[in-house]
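Below is one structure, written out as structure tokens; comments come after it.
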Amino acid sequence: MATSDKLSETLADRPDRLSALSHRSPLTGDDGLLMREATHLGKLVLRLAETEAETLKIKALEGAGLPTQPCRSSVSHTGTVSVLWLGPDEWMVVSQAGTEEALQTRLHSELSGRHFQLSNVTDYYTCIDIAGHQNREILMNLSTLDMHNRTFSAGQIKGSIFGHANAYVWQLHTEPGASEIFRLIIRSSMADYLWCLVSRSARLFGMPEDTPISGEKLVI
Amino acid sequence: MSSKYNVFNLIRQGLQGHTGWQAQWREPELKSTYDAVIIGGGAHGLATAYYLAKNHGMTNIAVLEKGWIGGGNSGRNTTIIRSNYLYDASAAIYNHALKLWTTLGRDLNYNIMMSHRGVLNLAHDEGEARTLKRRVEANRLNGVDSEWLDAKQVKEFCPPISIDEDMRYPVIGGTLQRSGGVNRHDAVVWGLARAADALGVDIIQQCEVTSIRTDAGEVTGLETTKGSVKTPKIGSVAAGHSTIIADMVDVPLPIESHPLQALVSEPLKPLIPCVVMSNAVHVYVSQSDKGELVIGAGIDPYVSYTQRGSFDIIEHQMASLMELFPIFSRLRMMRQWGGIVDVSPDASPIISKTKVKGFYINAGWGTGGWKATPGSGHVFADLVANDTPNAIAAPFSLERFVTGDLVAEHGAAAVAH
Amino acid sequence: MATSRQKSGLRTEQGGHINRGKPIHFTFDGKAYQGFEGDTLASALLANGVHMVARSFKYHRPRGIVAAGSEDPAAIVQIGPDAVETDPNTRVTEQEIYEGLMASAQNCWPSLSFDIGIANDVLSDFIPAGFYYKTFMGPPLSWMRFEPIIRKAAGLGVAPTNRDPDQYDSTNRHVDVLVVGAGPSGLAAAKAAADAGARVILAEETNSLGGALLSEPEDSVSLGGKPSDAAIEKMAADLEANPDVTVLTRTTAFGYYGDNFVGLWERVTDHQAPLDRGKHVPRQKIWRVRAKQVILATGSLERPMVFDGNDRPGIMLAGAVRTFLNRYGVLCGHKAVIFANNDSAWATAFDLQKAGSQIAAIVDVRRKISGELLQMAAERGIPIFAGSAIVGTKGRSRVTAADIRLVDETGAISPKSNWINCDLIATSCGWAPNVALFSQSRGKLYYDDDLQAFRPGASWQQERSVGAANGSYDLQDCLDEGRKAGAAAASDTGFKKRIPKVLKASHSMLLQTDLQIIPQVPSPKVAKKVRAFIDLQDDVTTKDIKVAIQEGLHSVEHIKRYTTTGMGTDQGKIANLNAFAFIADHLGKSVPDVGVTTFRQPYKPVTMGALAGQHVGAHFMPRRTTAMHPWHRAQRDVIFEPVGDWLRPRAFLRDGEDFQQAVQRETKAARTGIGVLDASTLGKIDVRGPDAREFLNRIYTNAWSKLSPGKCRYGLMLKEDGMVMDDGVTACLADDHFHMTTTTGGAANVLGHLEDYLQTEWPDLKVYLTTTTEQTAVASICGPGCDRLIADLLDDLDPDPETFKFMDWRDAHIQGIPVRVFRISFTGELSYEINIDASYGLWLWKKIFAQAKCEGGGYDITPYGTEAMHVLRAEKGFIIVGQETDGTATPIDLGMNWIVKKSGDFVGRRSLTRSDTSRDDRKQLVGLVTEQPDYVLMEGTQIIATQEEGTAPVPMLGHVTSSYLSPNLERSIAMAMLESGRSRVGQTLYASRKGDSAMAVRVVGTDFLKEREDGNI
Amino acid sequence: MFVIDCPWCGERDMSEFSCGGEAHIARPEGSEQMNDEEWAQFVFIRKNSKGRYAERWNHAAGCRRWFNLLRNTATDQILAVYKMGDAEPNVSTEEPVTPSGEAPIGSGNDAVKLMKPGEAL
Ligand SMILES: Cc1cc2nc3c(=O)[nH]c(=O)nc-3n(C[C@H](O)[C@H](O)[C@H](O)COP(=O)(O)OP(=O)(O)OC[C@H]3O[C@@H](n4cnc5c(N)ncnc54)[C@H](O)[C@@H]3O)c2cc1C
Ligand SMILES: NC(=O)c1ccc[n+]([C@@H]2O[C@H](COP(=O)([O-])OP(=O)(O)OC[C@H]3O[C@@H](n4cnc5c(N)ncnc54)[C@H](O)[C@@H]3O)[C@@H](O)[C@H]2O)c1
Ligand SMILES: Cc1cc2nc3c(=O)[nH]c(=O)nc-3n(C[C@H](O)[C@H](O)[C@H](O)COP(=O)(O)O)c2cc1C
Ligand SMILES: [Zn+2]
């Protein structure tokens, strides 16, 4: 069932692959509060006409359909592939680290003949997972989204502004009783900014605060 | 009876309990015929009327104001005055205004508290520095007072500014126009009204223009909430409402009306000596004589006539202010408000005749027309009186949007206030 | 007479919501005092007999405490131990005391009790409202001489001198129902809404729930059969226990904006001693609440009486006196005179007397007073002066006596003075609904003739006003209205569960029945000597308002601005209605005809640091970095440059070098050895679809139909006004697939621009766009012979420039990692850009250097920064959008006619042929070389026609857009936008220089390398 | 500070959106044949209406879709949200509330208009 963080740990066997937040270590706070980077998850952006998506069954997605209901995600039978709704003709396919290229190839061949676009954005984005029961509160410090569990539940994915950066927040499907995990999908170049902003917001819950990269000498 | 303002009359009145002061302007009835009507009782409209009466002898004229005079942008602006604009045409008009400002108080016999305390425009990166230096150079050749300061000189001129190098937007330098500054917005409005009134101009408040009558492409009169008026000439100086007036005669304008906000802090003992503006961080601030920090914000990106903007903008404004002045953090915001600014595509005003004979437009001053007030009124009066723009006004015709000869100040003007 | 040391006498024996078990020590103006936990600075000072705490704004008159809450007009002081953590203009009625609190008086010198600023008071006859408009306007600039003096005299508190050590937070909440104010109405509303299942926030400005009930004597009111304290506690506990309810105390709703967005300001630690403040706890916090429904239960504000001498310390609002007594256990005086026009203030008299004060008189302007009241007073032996008024007072730093006289129907007063000694005057001119937030919400007010005050009328947003805020002053009405509104609001948001049962209140309160307003109490003095204050902070008297009206300022907005009434830090909370009533009276109009001034945000002043929240300092704005950034940072002497939001290395300094030397070395190296640039920041957009070519044809000025896969092309993008907006190289990946690059700063704009056209103008075009900027890291390698290094790096591609041609791209691998190599050049040198997945970016970057070294040290490789990049491209005459262009340049102006296709539409095309845009005397891009080869023109320098500047205005022909010392041309070079520039090639012009003679410059072509080859330079 | 009901994502804070100005200004075909004046009309002239105004908005931080929105610029009330290419909806036969001058209480430049609860705005 879980597209959980486990997946990200199987790193592809290649030289020195670094994630955008490789210079940061996971942080823990009170009551199981945990924030860490989910590294190298495979991410593909698929653009396809809304009308086609409704009927399309894509084998490569292993049972995960293209959600046409806004802000929803779907999960494959195996739990290793998720498809996130980003827009009416735009989805993100999230898969285990290192699987994105093969997946891309399969998708490509399955979709050939249609008007579509498939872009590998694995490194464009990275993810920060926030687990622990204060995570909704932490996110409320950063965005205007309604994070209440009445309106934000497992499987939902919403794009918004966090601090001053655009990002998506996705609540992972977790086992009943397990702690909720929110996954922030963020642009690599702004990852450090968001990491630090999240850690600052979590200070009250015992999380150590990281300060952003700055302080370099800018001018002469 | 006390018509003249001076310290002796103030003392004399003081002894009599100030019972002898006269009304600063009359409350005349709307007449049925005028030689010219100015729509809009903001500072620009009143200045236009003042100069029409004073320089062109046109005294059978009226200023029609739908609310109370000075209640539009004239009553809501941060009063920054400078003339260090890039292009010749802009430098000419703003510098013309700056010169008029220096004596306006005396001319009007009204202390408008013109304070030439200096305006700093900060640069935070090389690109900005380049743009600002270009401006300084152009200013010098145009005879506009303007100089480049490095970060240390900026700090010397305005000690509370942080020039820490590790800020997100470090201050790397800036321009200074020493003759720039601020004045008292209400005093300007009232002083102009009083002086125009003394020359015979009818200032009619609570009088909204609702339609304009034309005949064969010529203005013949207008309708107002206080009755109708015959007049061969109408000057529209309605700022945020310019397109609404122009629509009455089917003159399309390239103008959008946006909310622009400002706010004041609680009053404090003198804290910053000059005006500080920054484009990258987007903030501009000065301190009024009463002691409040007067702080301007950015425009909201959508059309609105509500005289209020988004709270987001205020929050960001405050964060920006903290970037430049970290020591302001514990001070408090006392009041925020909004105005409706008339934004033109090239961030320059429109002072122009139109296809309708006798209908003249003065608009598009956007976020930065306060500083132009006397200059704008002066050249617009010329246009209304002579039916031809003078050399200073000529580049600001409506035609430029057709031919492409824009006075594109936004590319170059940093914050346009 | 009361003296300030009668401590025990001023604190009641018992009662009040203070913790008598916990004494707290603080200082005011250096003097030590003691109060109790739960005290505000005001109650603690009053308990110590201190009334005078401030000086007024203009006349520096002594100011005391008037109200008990945030509406107090003038009792403001400076808080804080030092100049760093100081808080100017802090209301003593709101600041809770903590151990060690230090407060001091402000706006006075040398001391509060002896302030030479009082000279202004003596001169007050000569400095009425607006006096400054009438003088100081002598010769030009004369104001500049007086202004500093005025400025110093004005202002109130003093700003901190250092960076704020505290931190602030903001957070967002969505709720079904937001309730503002936790008096009986607000509590009932919150309870009803919460019981129905709605998500609720209840915000209360003060430190505890209960509102006006806390001002009632202990056990005098019961709710549902329970004493009110216990009932409130129970309600609070119920609310706290509900996970969907948030109760916030010390939290002010300061701004009601559009679509039910309400800003709350919580003071988290301001009431705590510094050592008790949690480590990471923000000092203050902004709650950005988006509510489906709002209930305003903000209570009512009492109006003071306006009479001659009404501003002395010790003259207070009757309700406030009662609050200090019952909420804080403080007697505000030993001998009080009550001055009222309604019943409610009589309760103050009765409570005070019961607590031990002497009531010297109840003065009531009404001639007819209910028998019940009269009897109650008589039973207590309180002297009553009906149909009378206080027409004058005495006392300097504290009121000492009141002159009480009869006032007849015509307003005439009895001739004989009747001074009664007192140390406290408690006044009440009735209560007005606190409609500030309602009005901010843009709800419309109406004037209630019974209340003689403005009340909430038609709502504009999803909002309900209840209780005293709605003009309902009876406690049972308050409870009922609250309950109903809470239930209705919940029901409107879909929670229709149940309506809680009616909470019955005991009725023992005196309300403001039979109110009779007199806008200004008459005075026996000659008019000009009367000083009846309306705005106590800004020293606005009725006389000032009269002068304003006489001077023709008839709009309430004009009068406000002329007199500054209501413009102080209290925004006239208790003054405004009195001002409106006075204006109305004076103009012979009704109050609603006069109208109100605008209620603006904030409800009360909010700390600017709190509004900025966490988005300051390091968190102010995102700073974007590339995959190679860790390497850049690790270089010892790297200088960074912000480019858009990115941080890019500008130059890598080596031992002992200065910036200029480094740039020269780097620039040289890129043409003689091998230069490497981190080019990852360029914007990248994946463009795909059968109509991609057509799309590019419309977006770019040049043609894209024939570009074949494997090839790249440079493109210029215009805005519809014909001006250059961005440029970049686009590669054809497949017939229907392109990889577009944009400038670093322009990426977001370009994507927005393209999506806009696709979605809104040409939805029929089958094209998809996805941004891929951060997906790839880019190393740009250039220099003669750099192909050898490339060859060494690549597993499977021969970069031989003969076969891998300029503007070609190829896929390849480095150690098995896929890369895409572009043979494009921004330097004019042989150059390759290697694109790799960003997670390998740092690896690639290091690998390039390692490769250069390990192959026998065969390559002279130099990392270069953006500055060298700029010089290199200038040597070749390439433009930088945003540097050569400023939003006023067309492709033709830039000499790039070659890129504008001859036929077919594209965005901006039509604008190019407008009469002025197509003129050939426009500013055009040219090269300039200075007569003196080592002289580098300043960028921004203006070009003139003659060596002598002459007098202003000097005609300017153009300006220098870029200027560098070029190590490869061994001289300075510059680019300029010059009027009729292209036809001036070969001419000598002059670059003006401040304080120096102009520098002769020769106009040349822009490709300096070629110009040198051609012998032109 | 309005909330915009994105046709796809639902109600979101306006900070997630960017405004693209007046709607229903189609880019003209055959601009070659237009005179300078007509072209200027397309590039620069906007209705800038006080009252009902159709404009384009983009859910920039969300689904990135452009859509149209009908707003009363005198009050900032959103009257309708509709998709690109759809015609301007006829929200009501009456013009929306557009007080002459600014909305009476709460924004300055107009005489106060007083209204009792429930009175039609
Ligand atoms: C917050 C803010 C800050 C600013 N800061 C600066 C600054 O620091 N420096 C600077 O130079 N500029 C600044 N400006 C811009 C400046 O305020 C304006 O450009 C300038 O005041 C315009 O003057 P005006 O007289 O034309 O406009 P207004 O004062 O707005 O006058 C127009 C008048 O026309 C009236 N009117 C409209 N329609 C009708 C009708 N139908 N009938 C009758 N009357 C009508 C209006 O009621 C109004 O009173 C700022 C503006 C704002 C809003
Ligand atoms: N004696 C009289 O004539 C008279 C007149 C009016 C009211 N009252 C009494 O007052 C009570 C009114 O009850 P109520 O609940 O309507 O009002 P209330 O005055 O009891 O409570 C209002 C609460 O709102 C808070 N508040 C005000 N503005 C706020 C803001 N912007 N943000 C957060 N909090 C804010 C105040 O601190 C206060 O606690 C009743 O008991 C009534 O009998 C008596
Ligand atoms: C330069 C300047 C200074 C101001 N200073 C104050 C001030 O000290 N106190 C205050 O309450 N308002 C001040 N205001 C704001 C006005 O009260 C008012 O908000 C503004 O004129 C807009 O009008 P409105 O709020 O009635 O719409 C100031 C406005 C300006 C333009
Ligand atoms: Zn959306």
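Numbering starts fresh at 1 for the residues of each chain in the structure tokens, the chains themselves are lettered A, B, ... in the order given, and ligands are numbered from 1 as they appear.
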
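By only C-alpha atoms, and with residues fewer than 3 positions from Ala75 in chain C along its chain excluded, the set lying at most 8 Å from it is C:Val53, C:Ala54, C:Arg63, C:Gly64, C:Ile65, C:Val66, C:Asp72, C:Arg91, C:Val92, C:Thr93.
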
Counting only C-alpha atoms, a student should be able to say which residues of chain C come within 6 Å of chain A; what is the right answer, written as an MDAnalysis selection string?
chainID C and resid 171:172 174 280 622 624:626 639:641 774:775 838:840

* To do: If you run DSSP over the backbone, which residues in range 37-68 of chain D end up helix (DSSP H, G or I)? Put them as number ranges by chain.
  => D: 37-44

(request) Counting only C-alpha atoms and all ligand atoms, name the residues that have an atom within 12 Å of an atom of ligand 4; the answer should be given as a PyMOL selection string. (result) (chain A and resi 69-71+85-90+157-160) or (chain D and resi 4-14+16-18+57-67+81+83)

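Nearest to Ala216 in chain B of all the residues B:Ala198, B:Ile38, B:Leu192, B:Val356 is B:Val356, counting only C-alpha atoms.
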
Near chain D, which residues of chain C fall within 8 Å when you count only C-alpha atoms, and what do they look like as a PyMOL selection string? chain C and resi 257-259+261+439-447+456-459+592-600+720-721+756+759-761+905+910-911+914-915

Could you write out that same residue set with N, CA and C atoms as an mmCIF file, in the first residue's frame?
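Printed below is again.cif as written:
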```cif
data_model
loop_
_atom_site.group_PDB
_atom_site.id
_atom_site.type_symbol
_atom_site.label_atom_id
_atom_site.label_comp_id
_atom_site.auth_asym_id
_atom_site.auth_seq_id
_atom_site.Cartn_x
_atom_site.Cartn_y
_atom_site.Cartn_z
ATOM 1 N N TYR C 257 -10.435 41.830 6.294
ATOM 2 C CA TYR C 257 -10.221 42.094 4.875
ATOM 3 C C TYR C 257 -11.266 41.350 4.047
ATOM 4 N N GLY C 258 -11.024 41.288 2.749
ATOM 5 C CA GLY C 258 -12.007 40.715 1.835
ATOM 6 C C GLY C 258 -12.199 39.220 2.029
ATOM 7 N N ASP C 259 -13.340 38.732 1.587
ATOM 8 C CA ASP C 259 -13.679 37.312 1.660
ATOM 9 C C ASP C 259 -13.374 36.714 3.030
ATOM 10 N N PHE C 261 -11.325 37.270 5.364
ATOM 11 C CA PHE C 261 -9.951 37.080 5.826
ATOM 12 C C PHE C 261 -9.736 38.029 7.000
ATOM 13 N N SER C 439 -16.998 47.769 10.341
ATOM 14 C CA SER C 439 -16.855 48.756 9.287
ATOM 15 C C SER C 439 -15.694 48.396 8.356
ATOM 16 N N GLN C 440 -14.634 47.856 8.927
ATOM 17 C CA GLN C 440 -13.537 47.378 8.071
ATOM 18 C C GLN C 440 -14.027 46.314 7.095
ATOM 19 N N SER C 441 -14.978 45.513 7.564
ATOM 20 C CA SER C 441 -15.487 44.437 6.703
ATOM 21 C C SER C 441 -16.350 45.020 5.588
ATOM 22 N N ARG C 442 -16.550 46.314 5.645
ATOM 23 C CA ARG C 442 -17.319 47.086 4.681
ATOM 24 C C ARG C 442 -18.816 46.971 4.907
ATOM 25 N N GLY C 443 -19.158 46.473 6.074
ATOM 26 C CA GLY C 443 -20.557 46.506 6.447
ATOM 27 C C GLY C 443 -20.984 47.954 6.593
ATOM 28 N N LYS C 444 -22.257 48.209 6.379
ATOM 29 C CA LYS C 444 -22.730 49.595 6.446
ATOM 30 C C LYS C 444 -23.286 49.881 7.830
ATOM 31 N N LEU C 445 -22.972 51.043 8.316
ATOM 32 C CA LEU C 445 -23.439 51.439 9.634
ATOM 33 C C LEU C 445 -24.778 52.146 9.522
ATOM 34 N N TYR C 446 -25.473 52.228 10.605
ATOM 35 C CA TYR C 446 -26.567 53.184 10.643
ATOM 36 C C TYR C 446 -26.592 53.816 12.023
ATOM 37 N N TYR C 447 -27.210 54.957 12.096
ATOM 38 C CA TYR C 447 -27.191 55.719 13.341
ATOM 39 C C TYR C 447 -28.459 55.423 14.111
ATOM 40 N N PRO C 456 -24.024 48.447 13.707
ATOM 41 C CA PRO C 456 -23.885 47.676 12.470
ATOM 42 C C PRO C 456 -25.203 47.618 11.738
ATOM 43 N N GLY C 457 -25.171 47.941 10.467
ATOM 44 C CA GLY C 457 -26.363 47.837 9.640
ATOM 45 C C GLY C 457 -26.200 46.657 8.706
ATOM 46 N N ALA C 458 -26.387 46.917 7.420
ATOM 47 C CA ALA C 458 -26.314 45.823 6.457
ATOM 48 C C ALA C 458 -24.888 45.275 6.379
ATOM 49 N N SER C 459 -24.790 43.966 6.458
ATOM 50 C CA SER C 459 -23.476 43.322 6.362
ATOM 51 C C SER C 459 -23.029 43.249 4.920
ATOM 52 N N PRO C 592 -25.636 61.447 11.580
ATOM 53 C CA PRO C 592 -25.473 60.649 10.357
ATOM 54 C C PRO C 592 -25.212 61.501 9.123
ATOM 55 N N ASP C 593 -25.673 62.728 9.110
ATOM 56 C CA ASP C 593 -25.360 63.587 7.966
ATOM 57 C C ASP C 593 -23.893 63.978 7.936
ATOM 58 N N VAL C 594 -23.326 64.107 9.104
ATOM 59 C CA VAL C 594 -21.888 64.384 9.156
ATOM 60 C C VAL C 594 -21.124 63.151 8.721
ATOM 61 N N GLY C 595 -21.595 61.988 9.183
ATOM 62 C CA GLY C 595 -20.947 60.734 8.796
ATOM 63 C C GLY C 595 -19.768 60.397 9.669
ATOM 64 N N VAL C 596 -19.088 59.377 9.278
ATOM 65 C CA VAL C 596 -17.932 58.932 10.049
ATOM 66 C C VAL C 596 -16.697 58.995 9.168
ATOM 67 N N THR C 597 -15.549 59.033 9.786
ATOM 68 C CA THR C 597 -14.321 58.852 9.019
ATOM 69 C C THR C 597 -14.123 57.355 8.830
ATOM 70 N N THR C 598 -13.188 57.020 7.972
ATOM 71 C CA THR C 598 -13.023 55.619 7.606
ATOM 72 C C THR C 598 -12.345 54.822 8.714
ATOM 73 N N PHE C 599 -12.957 53.703 9.058
ATOM 74 C CA PHE C 599 -12.282 52.764 9.964
ATOM 75 C C PHE C 599 -11.323 51.951 9.108
ATOM 76 N N ARG C 600 -10.069 52.093 9.353
ATOM 77 C CA ARG C 600 -9.080 51.356 8.574
ATOM 78 C C ARG C 600 -8.408 50.314 9.453
ATOM 79 N N GLU C 720 4.212 41.914 -27.173
ATOM 80 C CA GLU C 720 3.335 42.382 -28.226
ATOM 81 C C GLU C 720 3.655 43.833 -28.626
ATOM 82 N N ASP C 721 4.345 44.564 -27.770
ATOM 83 C CA ASP C 721 4.704 45.943 -28.119
ATOM 84 C C ASP C 721 5.973 46.017 -28.969
ATOM 85 N N ASP C 756 0.464 31.255 -21.497
ATOM 86 C CA ASP C 756 -0.614 32.208 -21.718
ATOM 87 C C ASP C 756 -1.073 32.146 -23.176
ATOM 88 N N GLN C 759 -2.638 28.626 -23.968
ATOM 89 C CA GLN C 759 -3.944 28.330 -23.374
ATOM 90 C C GLN C 759 -5.020 29.307 -23.803
ATOM 91 N N THR C 760 -4.622 30.554 -24.047
ATOM 92 C CA THR C 760 -5.670 31.543 -24.245
ATOM 93 C C THR C 760 -5.796 32.034 -25.678
ATOM 94 N N GLU C 761 -4.697 32.114 -26.423
ATOM 95 C CA GLU C 761 -4.808 32.616 -27.793
ATOM 96 C C GLU C 761 -4.912 31.475 -28.798
ATOM 97 N N ASP C 905 3.364 36.048 -39.243
ATOM 98 C CA ASP C 905 3.142 36.821 -38.022
ATOM 99 C C ASP C 905 3.955 36.206 -36.882
ATOM 100 N N ARG C 910 3.684 43.284 -35.481
ATOM 101 C CA ARG C 910 3.004 44.465 -36.000
ATOM 102 C C ARG C 910 3.550 45.752 -35.383
ATOM 103 N N SER C 911 3.995 45.637 -34.146
ATOM 104 C CA SER C 911 4.483 46.846 -33.478
ATOM 105 C C SER C 911 5.751 47.384 -34.125
ATOM 106 N N ARG C 914 5.229 50.308 -36.621
ATOM 107 C CA ARG C 914 4.572 51.569 -36.258
ATOM 108 C C ARG C 914 5.478 52.729 -36.663
ATOM 109 N N SER C 915 4.893 53.883 -36.882
ATOM 110 C CA SER C 915 5.672 54.963 -37.486
ATOM 111 C C SER C 915 6.911 55.323 -36.676
#
```

Give the residue list for ligand 3 at 8 Å, counting only C-alpha atoms and all ligand atoms, as a PyMOL selection string, sorted by chain and then by residue number. (chain B and resi 71+74-79+184-185+262-267+288+290-292+294+307+334-339) or (chain C and resi 557+561+564+566-569+571+597-600) or (chain D and resi 106-109)

Residues from last step as file, C-alpha atoms, as a PDB file, in the first residue's frame:
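So result04.pdb came out as:
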```
ATOM      1  CA  GLY B  71      -9.836  62.814  -1.016  1.00  0.00           C
ATOM      2  CA  SER B  74      -3.763  63.453  -3.306  1.00  0.00           C
ATOM      3  CA  GLY B  75      -4.872  62.548   0.203  1.00  0.00           C
ATOM      4  CA  ARG B  76      -3.311  59.116   0.232  1.00  0.00           C
ATOM      5  CA  ASN B  77       0.137  59.383  -1.204  1.00  0.00           C
ATOM      6  CA  THR B  78       3.511  59.122   0.451  1.00  0.00           C
ATOM      7  CA  THR B  79       4.458  62.562  -0.882  1.00  0.00           C
ATOM      8  CA  ARG B 184       2.427  67.892   3.387  1.00  0.00           C
ATOM      9  CA  HIS B 185      -0.146  66.529   0.983  1.00  0.00           C
ATOM     10  CA  ALA B 262       0.427  52.939   2.035  1.00  0.00           C
ATOM     11  CA  LEU B 263       0.671  52.860   5.781  1.00  0.00           C
ATOM     12  CA  VAL B 264       1.997  54.788   8.717  1.00  0.00           C
ATOM     13  CA  SER B 265       3.677  53.699  11.908  1.00  0.00           C
ATOM     14  CA  GLU B 266       2.984  55.179  15.294  1.00  0.00           C
ATOM     15  CA  PRO B 267       4.677  58.562  15.726  1.00  0.00           C
ATOM     16  CA  SER B 288       6.560  62.801   8.534  1.00  0.00           C
ATOM     17  CA  LYS B 290       4.490  64.467  13.001  1.00  0.00           C
ATOM     18  CA  GLY B 291       6.765  61.497  13.508  1.00  0.00           C
ATOM     19  CA  GLU B 292       5.062  58.591  11.745  1.00  0.00           C
ATOM     20  CA  VAL B 294       5.190  56.852   6.057  1.00  0.00           C
ATOM     21  CA  GLN B 307      -9.297  52.002  -2.332  1.00  0.00           C
ATOM     22  CA  MET B 334      -0.869  52.401  13.020  1.00  0.00           C
ATOM     23  CA  ARG B 335      -2.996  52.722   9.886  1.00  0.00           C
ATOM     24  CA  GLN B 336      -3.021  51.389   6.362  1.00  0.00           C
ATOM     25  CA  TRP B 337      -5.063  52.551   3.399  1.00  0.00           C
ATOM     26  CA  GLY B 338      -5.263  52.364  -0.339  1.00  0.00           C
ATOM     27  CA  GLY B 339      -5.677  54.611  -3.324  1.00  0.00           C
TER      28      GLY B 339
ATOM     29  CA  GLU C 557     -12.659  64.051   6.524  1.00  0.00           C
ATOM     30  CA  ARG C 561      -7.048  65.947   8.750  1.00  0.00           C
ATOM     31  CA  THR C 564      -5.696  65.558  13.462  1.00  0.00           C
ATOM     32  CA  GLY C 566      -8.619  60.578  15.682  1.00  0.00           C
ATOM     33  CA  MET C 567      -5.239  60.328  13.991  1.00  0.00           C
ATOM     34  CA  GLY C 568      -3.208  59.235  16.989  1.00  0.00           C
ATOM     35  CA  THR C 569      -2.146  55.773  18.034  1.00  0.00           C
ATOM     36  CA  GLN C 571      -7.221  56.196  16.160  1.00  0.00           C
ATOM     37  CA  THR C 597     -14.321  58.852   9.019  1.00  0.00           C
ATOM     38  CA  THR C 598     -13.023  55.619   7.606  1.00  0.00           C
ATOM     39  CA  PHE C 599     -12.282  52.764   9.964  1.00  0.00           C
ATOM     40  CA  ARG C 600      -9.080  51.356   8.574  1.00  0.00           C
TER      41      ARG C 600
ATOM     42  CA  GLY D 106     -14.980  52.120   4.729  1.00  0.00           C
ATOM     43  CA  SER D 107     -13.215  53.742   1.899  1.00  0.00           C
ATOM     44  CA  GLY D 108     -13.079  57.376   1.993  1.00  0.00           C
ATOM     45  CA  ASN D 109     -14.107  59.538  -0.816  1.00  0.00           C
TER      46      ASN D 109
END
```

task = Grab me every residue within 6 Å of ligand 2, counting only C-alpha atoms and all ligand atoms, and send it over as a ChimeraX atom specification.
result = /C:180-186,203-206,211-213,251-254,297-300,344,431,467-469,473-475,478,510-512,603

Margin query: Can you work out which residues are within 7 Å of ligand 1, considering only C-alpha atoms and all ligand atoms, and then hand them over as a ChimeraX atom specification?
Written below: /B:39-45,64-81,207-210,237-242,245,260-262,296,338-341,363,365-373,417 /D:109

Discussion item. For Leu178 in chain C, find every residue with an atom within 7 Å (counting only C-alpha atoms), except residues of its own chain fewer than 3 positions away, and show them as a PyMOL selection string.
Written reply: chain C and resi 175+200-202+291+293-295

Discussion item. Contacts from chain B to chain A, 12 Å maximum, only C-alpha atoms: show me the residue list as a ChimeraX atom specification.
Written reply: /B:123-126,129,150-151,163-173,312,315-316,319

List as a count of residues only the protein and nucleic acid residues near Val188 in chain B, meaning an atom at most 10 Å away when only C-alpha atoms are counted, but skip any in the same chain fewer than 5 places from it. 22

Using only C-alpha atoms, the residue out of C:Ile834, C:Ala119, C:Ala347, C:Val643 with shortest distance to chain B is C:Val643
